[in-house]
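S.K.: Have a look at this one before I ask anything.
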Amino acid sequence: MATPEGTTDSVPDHVPAHLVRSIGMLVSPEFLADPYEFFPRLHEDDNPPLFYDVNPVMGNTWMTIKHDIAFKALRDAEHMTTQTAGIFPRDPDHYFRLIPQELNPPIHRKFRNVLDPFLSPKAVMELERDIRALANQLIDGVIDRGACEFTEEFARPLPVTVFLRFMGLPLDMTETFVRWVVSLISFAERDKAIEIMSEIEEYLLSVIEEKRTNPDGAAISHIVHGRIDGEPLAERDIYGFVFFLFIAGIDTVYAALNNTWVWLARNPDRRAEMRADPDNIDAQAEELLRVFGVTFSGRVVTQDFEMNGVLLKAGDRFQSLLPSCNYDPAVWDNPREVRFDRPRKPILTFTGGIHACMGGHLARLEYKIALKEWLRRIPEFSLQPGCEITYRPSGVIGPDAVPLVW
Ligand code: HEM
């Protein structure tokens, strides 16, 4: 990835020394031991609401763990942009924008309009039956065995299959797609990023060509044949849109499922509570998605301005640490506690503002179906005795594997 390596020497002069921290996001032993212990602890450790973080893999950046500051930053298109915040290396002579993520208003909305109708709550509800059938088929494959590697056998195939059908991509390429995306977002495999980017490009460009002549009613076809103000999309914009969706849609849901199942496996009472109240699935899912946020939102400051009494300068990087913002005690009482009767407050797992996740409705639907069907059919399960749950520094946070027994 193209993020500059952060060092204390490269902290700019306008950053007050008392705001400099090095919290160890993605890299410290504490983070790697258990990110979901790390995120709430950032509040308990008395970090300033807005601080300047020095990090060897994420680079130097302003960072907030506060819900209100993140909410403001994510809505502030006047002072913040996603335009130069992207982390994937690109050839300047053959550049493409990550669409819609790197677009600013008003063009951003026009691009989203090409695909938003296919990801609306109504559109995704039409997929419910198929998703439920797939979840049950995956459970059929493991239930009599009394054990499984949850990631490989359920958490990954469920959302990845749904996503590839949505995109119109072949299911028999699943393993390759997952390998590409996981390597690309891994901070440990930065040196491979350029090579993987070109493999993905070669493949996706061939798919785009294919959909041009053989449209199939799936997302890539909608983009290839989409129009903005009556005009077809530019070639590089078609690619940037397809590429970004591909990266955004593959591993986010399964990371959320993995994190949740580690917790479920360790908390039999809470599983029983959920099963006893299946009609409360919306609140259960929203609360679990609050505590298991998997990614964060990077921006770049476009003009000098003051935020929370701190001067931010044009060109500074800014990170809203969403999984930690979801533990802000000013918004959620006793935030570490998982409570299914909390008053509904906006969680930041899918971020907020104009770049709010386009796949949020689909992801929530898959997540709820997974919870309901698994708990109904495999109510008792635990982590395989002696197994170690491990994490890697990655742009999407979740354990590498979740071995279960029942
Ligand atoms: C649990 C699952 C998911 C989580 C936690 C998640 C999270 C996020 C977050 C935090 C952002 C904002 C990034 C930023 O502010 O820079 C985002 C944007 C986005 N996500 Fe998701 N996502 C998930 C699933 C999906 C899926 C399944 C898709 C595709 C079907 C998707 C498509 C997108 C797109 C296209 C954007 C960019 C929106 C824009 O810039 O306007 N996401 N997602």
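Chain labels follow the order of the structure tokens: the first chain is A, the next B, and so on; residue numbering restarts at 1 in every chain, and ligands are counted from 1 in their shown order.
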Determine, counting only C-alpha atoms, which protein, DNA and RNA residues have an atom within 10 Å of an atom of Gly141 in chain A; residues of the same chain fewer than 6 positions away are not included. Present the result as JSON, numbers by chain.
M.R.: {"A": [148, 153, 154]}
S.K.: May I ask you to write as a list in words all residues lying at most 6 Å from ligand 1, with only C-alpha atoms and all ligand atoms counted?
M.R.: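 Those residues are Pro100, Gln101, Leu245, Ala248, Gly249, Thr252, Val253, Ala256, Gly293, Val294, Thr295, Phe296, Ser297, Gly298, Thr349, Phe350, Thr351, Ile354, His355, Ala356, Cys357, Met358, Gly359, Gly360 and Ala363 of chain A.
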S.K.: Using DSSP assignments from the backbone, pull out every residue in range 368-397 of chain A that falls under alpha helix (DSSP H) and give it to me as a list of chain:residue names.
M.R.: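 Here are the alpha helix (DSSP H) residues of range 368-397 of chain A: A:Lys368, A:Ile369, A:Ala370, A:Leu371, A:Lys372, A:Glu373, A:Trp374, A:Leu375, A:Arg376, A:Arg377.
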S.K.: Which residues are close to Val242 in chain A, i.e. within 9 Å by only C-alpha atoms, leaving aside same-chain residues fewer than 3 positions away? Reply as a list in words.
M.R.: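 My reading of the contact set: Leu98, Ile99, Met167, Leu204, Ile208, Ala219, Ile220, Ile223, Val224, Asp237, Ile238, Tyr239, Leu245, Phe246 and Ile247 of chain A.
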S.K.: Please produce a file of the residues just selected, as a PDB file, in the first residue's frame, where the atoms kept are C-alpha atoms.
M.R.:
```pdb
ATOM      1  CA  LEU A  98     -11.628   4.626  -6.538  1.00  0.00           C
ATOM      2  CA  ILE A  99     -15.316   5.152  -7.253  1.00  0.00           C
ATOM      3  CA  MET A 167     -21.561  -8.497  -9.181  1.00  0.00           C
ATOM      4  CA  LEU A 204     -11.546  -7.235 -14.193  1.00  0.00           C
ATOM      5  CA  ILE A 208     -15.839  -5.536 -18.219  1.00  0.00           C
ATOM      6  CA  ALA A 219     -23.788  -4.923 -10.883  1.00  0.00           C
ATOM      7  CA  ILE A 220     -20.818  -4.891 -13.272  1.00  0.00           C
ATOM      8  CA  ILE A 223     -21.869   0.042 -14.325  1.00  0.00           C
ATOM      9  CA  VAL A 224     -20.631  -0.808 -17.840  1.00  0.00           C
ATOM     10  CA  ASP A 237     -14.212   5.352 -14.236  1.00  0.00           C
ATOM     11  CA  ILE A 238     -15.917   2.063 -15.113  1.00  0.00           C
ATOM     12  CA  TYR A 239     -12.793   0.257 -13.999  1.00  0.00           C
ATOM     13  CA  LEU A 245     -16.702  -2.473  -5.244  1.00  0.00           C
ATOM     14  CA  PHE A 246     -14.661  -5.631  -5.573  1.00  0.00           C
ATOM     15  CA  ILE A 247     -12.373  -4.521  -2.724  1.00  0.00           C
TER      16      ILE A 247
END
```
S.K.: Which polymer residues have any atom within 10 Å of an atom of Phe187 in chain A, counting only C-alpha atoms, with same-chain residues fewer than 6 positions away left out, as a PDB file with N, CA and C atoms, in the first residue's frame?
M.R.:
```pdb
ATOM      1  N   MET A   1       0.824  -1.195   0.000  1.00  0.00           N
ATOM      2  CA  MET A   1       0.000   0.000   0.000  1.00  0.00           C
ATOM      3  C   MET A   1       0.865   1.253   0.000  1.00  0.00           C
ATOM      4  N   THR A   3       0.573   4.040   1.783  1.00  0.00           N
ATOM      5  CA  THR A   3       0.590   4.907   2.954  1.00  0.00           C
ATOM      6  C   THR A   3       2.029   5.154   3.402  1.00  0.00           C
ATOM      7  N   LEU A  26      -3.159  -1.615  14.860  1.00  0.00           N
ATOM      8  CA  LEU A  26      -2.779  -2.683  13.920  1.00  0.00           C
ATOM      9  C   LEU A  26      -1.455  -3.382  14.232  1.00  0.00           C
ATOM     10  N   VAL A  27      -0.580  -2.735  15.009  1.00  0.00           N
ATOM     11  CA  VAL A  27       0.767  -3.313  15.142  1.00  0.00           C
ATOM     12  C   VAL A  27       1.180  -3.700  16.567  1.00  0.00           C
ATOM     13  N   VAL A  57       2.850   1.569  10.249  1.00  0.00           N
ATOM     14  CA  VAL A  57       2.235   1.080   9.010  1.00  0.00           C
ATOM     15  C   VAL A  57       1.107   1.969   8.493  1.00  0.00           C
ATOM     16  N   MET A  58       0.391   2.627   9.397  1.00  0.00           N
ATOM     17  CA  MET A  58      -0.705   3.480   8.922  1.00  0.00           C
ATOM     18  C   MET A  58      -0.218   4.878   8.564  1.00  0.00           C
ATOM     19  N   ALA A 193       1.587  -5.415  -3.349  1.00  0.00           N
ATOM     20  CA  ALA A 193       0.393  -4.671  -3.763  1.00  0.00           C
ATOM     21  C   ALA A 193       0.377  -4.349  -5.264  1.00  0.00           C
ATOM     22  N   ARG A 392      -4.078 -10.213  12.045  1.00  0.00           N
ATOM     23  CA  ARG A 392      -2.962  -9.604  11.294  1.00  0.00           C
ATOM     24  C   ARG A 392      -3.244  -8.128  11.086  1.00  0.00           C
ATOM     25  N   PRO A 393      -2.183  -7.322  10.846  1.00  0.00           N
ATOM     26  CA  PRO A 393      -2.454  -5.912  10.558  1.00  0.00           C
ATOM     27  C   PRO A 393      -3.107  -5.785   9.189  1.00  0.00           C
ATOM     28  N   SER A 394      -4.337  -5.363   9.163  1.00  0.00           N
ATOM     29  CA  SER A 394      -5.071  -5.308   7.901  1.00  0.00           C
ATOM     30  C   SER A 394      -6.081  -4.168   7.943  1.00  0.00           C
ATOM     31  N   GLY A 395      -6.463  -3.694   6.763  1.00  0.00           N
ATOM     32  CA  GLY A 395      -7.468  -2.639   6.685  1.00  0.00           C
ATOM     33  C   GLY A 395      -8.855  -3.124   7.089  1.00  0.00           C
TER      34      GLY A 395
END
```
S.K.: Grab the CA of Pro49 in chain A to CA of Asn308 in chain A distance for me, in Å with one decimal place.
M.R.: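 Between these atoms lies a distance of 8.3 Å.
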S.K.: When you look at Thr82 in chain A with a cut-off of 12 Å (counting only C-alpha atoms), what residues show up, excluding the ones that are within fewer than 2 positions of it in the same chain? I need them as a JSON list (two decimals) with N, CA and C atoms, in the first residue's frame.
M.R.:
```
[["chain", "number", "residue", "atom", "x", "y", "z"],
["A", 73, "ALA", "N", -16.52, 15.11, 11.19],
["A", 73, "ALA", "CA", -15.49, 15.00, 10.13],
["A", 73, "ALA", "C", -16.06, 14.29, 8.90],
["A", 74, "LEU", "N", -16.83, 13.25, 9.14],
["A", 74, "LEU", "CA", -17.34, 12.45, 8.01],
["A", 74, "LEU", "C", -18.36, 13.23, 7.17],
["A", 75, "ARG", "N", -18.96, 14.26, 7.80],
["A", 75, "ARG", "CA", -19.94, 15.07, 7.08],
["A", 75, "ARG", "C", -19.34, 16.35, 6.51],
["A", 76, "ASP", "N", -18.07, 16.60, 6.80],
["A", 76, "ASP", "CA", -17.48, 17.89, 6.48],
["A", 76, "ASP", "C", -16.77, 17.86, 5.12],
["A", 77, "ALA", "N", -17.55, 17.94, 4.06],
["A", 77, "ALA", "CA", -16.94, 17.91, 2.72],
["A", 77, "ALA", "C", -16.21, 19.22, 2.40],
["A", 78, "GLU", "N", -16.43, 20.25, 3.25],
["A", 78, "GLU", "CA", -15.75, 21.52, 2.99],
["A", 78, "GLU", "C", -14.26, 21.46, 3.36],
["A", 79, "HIS", "N", -13.95, 20.76, 4.47],
["A", 79, "HIS", "CA", -12.55, 20.73, 4.93],
["A", 79, "HIS", "C", -11.86, 19.38, 4.76],
["A", 80, "MET", "N", -12.63, 18.35, 4.43],
["A", 80, "MET", "CA", -12.05, 17.00, 4.38],
["A", 80, "MET", "C", -12.38, 16.37, 3.04],
["A", 84, "THR", "N", -7.58, 12.16, -1.91],
["A", 84, "THR", "CA", -6.18, 11.72, -1.93],
["A", 84, "THR", "C", -5.89, 10.81, -0.74],
["A", 85, "ALA", "N", -6.98, 10.27, -0.15],
["A", 85, "ALA", "CA", -6.81, 9.44, 1.05],
["A", 85, "ALA", "C", -6.63, 7.97, 0.71],
["A", 86, "GLY", "N", -6.80, 7.63, -0.57],
["A", 86, "GLY", "CA", -6.77, 6.22, -0.99],
["A", 86, "GLY", "C", -5.42, 5.58, -0.73],
["A", 87, "ILE", "N", -5.43, 4.29, -0.47],
["A", 87, "ILE", "CA", -4.19, 3.64, -0.05],
["A", 87, "ILE", "C", -3.65, 2.66, -1.08],
["A", 97, "ARG", "N", -9.67, 6.48, -10.51],
["A", 97, "ARG", "CA", -10.14, 6.90, -9.19],
["A", 97, "ARG", "C", -10.90, 5.75, -8.56],
["A", 98, "LEU", "N", -10.82, 5.63, -7.22],
["A", 98, "LEU", "CA", -11.63, 4.63, -6.54],
["A", 98, "LEU", "C", -13.04, 5.21, -6.45],
["A", 99, "ILE", "N", -13.97, 4.57, -7.15],
["A", 99, "ILE", "CA", -15.32, 5.15, -7.25],
["A", 99, "ILE", "C", -16.31, 4.26, -6.52],
["A", 100, "PRO", "N", -17.16, 4.86, -5.65],
["A", 100, "PRO", "CA", -17.37, 6.29, -5.42],
["A", 100, "PRO", "C", -16.48, 6.88, -4.33],
["A", 101, "GLN", "N", -15.61, 6.06, -3.72],
["A", 101, "GLN", "CA", -14.97, 6.52, -2.49],
["A", 101, "GLN", "C", -14.13, 7.77, -2.65],
["A", 102, "GLU", "N", -13.44, 7.93, -3.76],
["A", 102, "GLU", "CA", -12.55, 9.08, -3.89],
["A", 102, "GLU", "C", -13.22, 10.28, -4.58],
["A", 103, "LEU", "N", -14.51, 10.22, -4.78],
["A", 103, "LEU", "CA", -15.19, 11.35, -5.42],
["A", 103, "LEU", "C", -15.76, 12.30, -4.37],
["A", 104, "ASN", "N", -15.81, 13.57, -4.73],
["A", 104, "ASN", "CA", -16.42, 14.58, -3.87],
["A", 104, "ASN", "C", -17.78, 14.94, -4.45],
["A", 105, "PRO", "N", -18.65, 15.58, -3.61],
["A", 105, "PRO", "CA", -19.90, 16.08, -4.17],
["A", 105, "PRO", "C", -19.60, 17.16, -5.22],
["A", 108, "HIS", "N", -20.06, 12.75, -6.92],
["A", 108, "HIS", "CA", -20.14, 11.53, -6.12],
["A", 108, "HIS", "C", -21.55, 10.95, -6.15],
["A", 297, "SER", "N", -12.15, 5.12, 8.62],
["A", 297, "SER", "CA", -12.37, 6.07, 7.53],
["A", 297, "SER", "C", -11.26, 7.09, 7.46],
["A", 298, "GLY", "N", -10.48, 7.07, 6.39],
["A", 298, "GLY", "CA", -9.38, 8.03, 6.23],
["A", 298, "GLY", "C", -9.79, 9.20, 5.35],
["A", 299, "ARG", "N", -9.32, 10.39, 5.72],
["A", 299, "ARG", "CA", -9.58, 11.60, 4.95],
["A", 299, "ARG", "C", -8.30, 12.42, 4.87],
["A", 300, "VAL", "N", -8.29, 13.43, 3.98],
["A", 300, "VAL", "CA", -7.19, 14.38, 3.94],
["A", 300, "VAL", "C", -7.79, 15.78, 4.10],
["A", 301, "VAL", "N", -7.14, 16.61, 4.91],
["A", 301, "VAL", "CA", -7.63, 17.98, 5.15],
["A", 301, "VAL", "C", -7.35, 18.83, 3.91],
["A", 302, "THR", "N", -8.37, 19.58, 3.45],
["A", 302, "THR", "CA", -8.19, 20.35, 2.21],
["A", 302, "THR", "C", -7.84, 21.82, 2.46],
["A", 315, "GLY", "N", -3.53, 19.19, 3.84],
["A", 315, "GLY", "CA", -2.57, 18.12, 3.56],
["A", 315, "GLY", "C", -2.42, 17.13, 4.71],
["A", 317, "ARG", "N", -3.35, 14.24, 7.26],
["A", 317, "ARG", "CA", -4.24, 13.08, 7.15],
["A", 317, "ARG", "C", -5.10, 13.00, 8.41],
["A", 318, "PHE", "N", -6.29, 12.39, 8.26],
["A", 318, "PHE", "CA", -7.24, 12.32, 9.37],
["A", 318, "PHE", "C", -7.91, 10.95, 9.36],
["A", 319, "GLN", "N", -7.92, 10.29, 10.49],
["A", 319, "GLN", "CA", -8.52, 8.95, 10.57],
["A", 319, "GLN", "C", -9.62, 8.95, 11.63],
["A", 353, "GLY", "N", -22.30, 10.09, 6.81],
["A", 353, "GLY", "CA", -22.05, 11.14, 5.83],
["A", 353, "GLY", "C", -22.17, 10.63, 4.41],
["A", 354, "ILE", "N", -21.63, 11.39, 3.47],
["A", 354, "ILE", "CA", -21.90, 11.05, 2.06],
["A", 354, "ILE", "C", -21.27, 9.73, 1.64],
["A", 355, "HIS", "N", -20.20, 9.30, 2.32],
["A", 355, "HIS", "CA", -19.55, 8.05, 1.91],
["A", 355, "HIS", "C", -20.04, 6.84, 2.71]]
```
S.K.: Which one is closest to His14 in chain A: A:Leu321, A:Glu366, A:Lys313, A:Met173? Count only C-alpha atoms.
M.R.: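 Nearest to His14 in chain A: A:Lys313.
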S.K.: Could you name the residues that touch Asp144 in chain A at 12 Å or less, counting only C-alpha atoms, but leaving out those on the same chain fewer than 2 positions away, as a list in words?
M.R.: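 Residues near the query, excluding close chain neighbours: Leu138, Ile139, Asp140, Gly141, Val142, Gly146, Ala147, Cys148, Arg377, Ile378, Val405 and Trp406 of chain A.
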S.K.: Pick out the residues sitting within 12 Å of Pro29 in chain A, and hand them over as a list in words; count only C-alpha atoms, and ignore anything fewer than 5 positions along from it in its own chain.
M.R.: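 Here the qualifying residues turn out to be Ile23, Gly24, Asp34, Pro35, Glu37, Phe38, Thr390, Tyr391, Arg392 and Pro393 of chain A.
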S.K.: Suppose we keep N, CA and C atoms; can you now write the selection as a compact mmCIF listing (two decimals), in the first residue's frame?
M.R.:
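Okay, this is what ended up in part-v2.txt:
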```txt
# COMPACT_ATOMS: atom_id res chain seq x y z
N ILE A 23 -0.52 4.93 19.46
CA ILE A 23 -1.41 3.98 20.15
C ILE A 23 -1.17 2.54 19.74
N GLY A 24 -0.47 2.34 18.60
CA GLY A 24 -0.17 0.96 18.21
C GLY A 24 -1.27 0.28 17.42
N ASP A 34 -5.91 -8.85 20.89
CA ASP A 34 -7.37 -8.78 20.88
C ASP A 34 -7.82 -7.35 20.54
N PRO A 35 -8.11 -7.10 19.26
CA PRO A 35 -8.51 -5.74 18.87
C PRO A 35 -9.74 -5.25 19.63
N GLU A 37 -10.52 -5.68 22.66
CA GLU A 37 -10.12 -5.24 23.98
C GLU A 37 -9.40 -3.88 23.81
N PHE A 38 -8.66 -3.79 22.71
CA PHE A 38 -7.88 -2.58 22.40
C PHE A 38 -8.79 -1.37 22.16
N THR A 390 -5.91 -15.59 16.14
CA THR A 390 -4.83 -14.64 15.77
C THR A 390 -5.34 -13.60 14.77
N TYR A 391 -4.73 -12.42 14.83
CA TYR A 391 -5.09 -11.30 13.96
C TYR A 391 -3.86 -10.80 13.23
N ARG A 392 -4.08 -10.21 12.05
CA ARG A 392 -2.96 -9.60 11.29
C ARG A 392 -3.24 -8.13 11.09
N PRO A 393 -2.18 -7.32 10.85
CA PRO A 393 -2.45 -5.91 10.56
C PRO A 393 -3.11 -5.78 9.19
```
S.K.: Separation of CA of Ile369 in chain A and CA of Val291 in chain A, in Å?
M.R.: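 CA of Val291 in chain A lies at a distance of 18.5 Å from CA of Ile369 in chain A.
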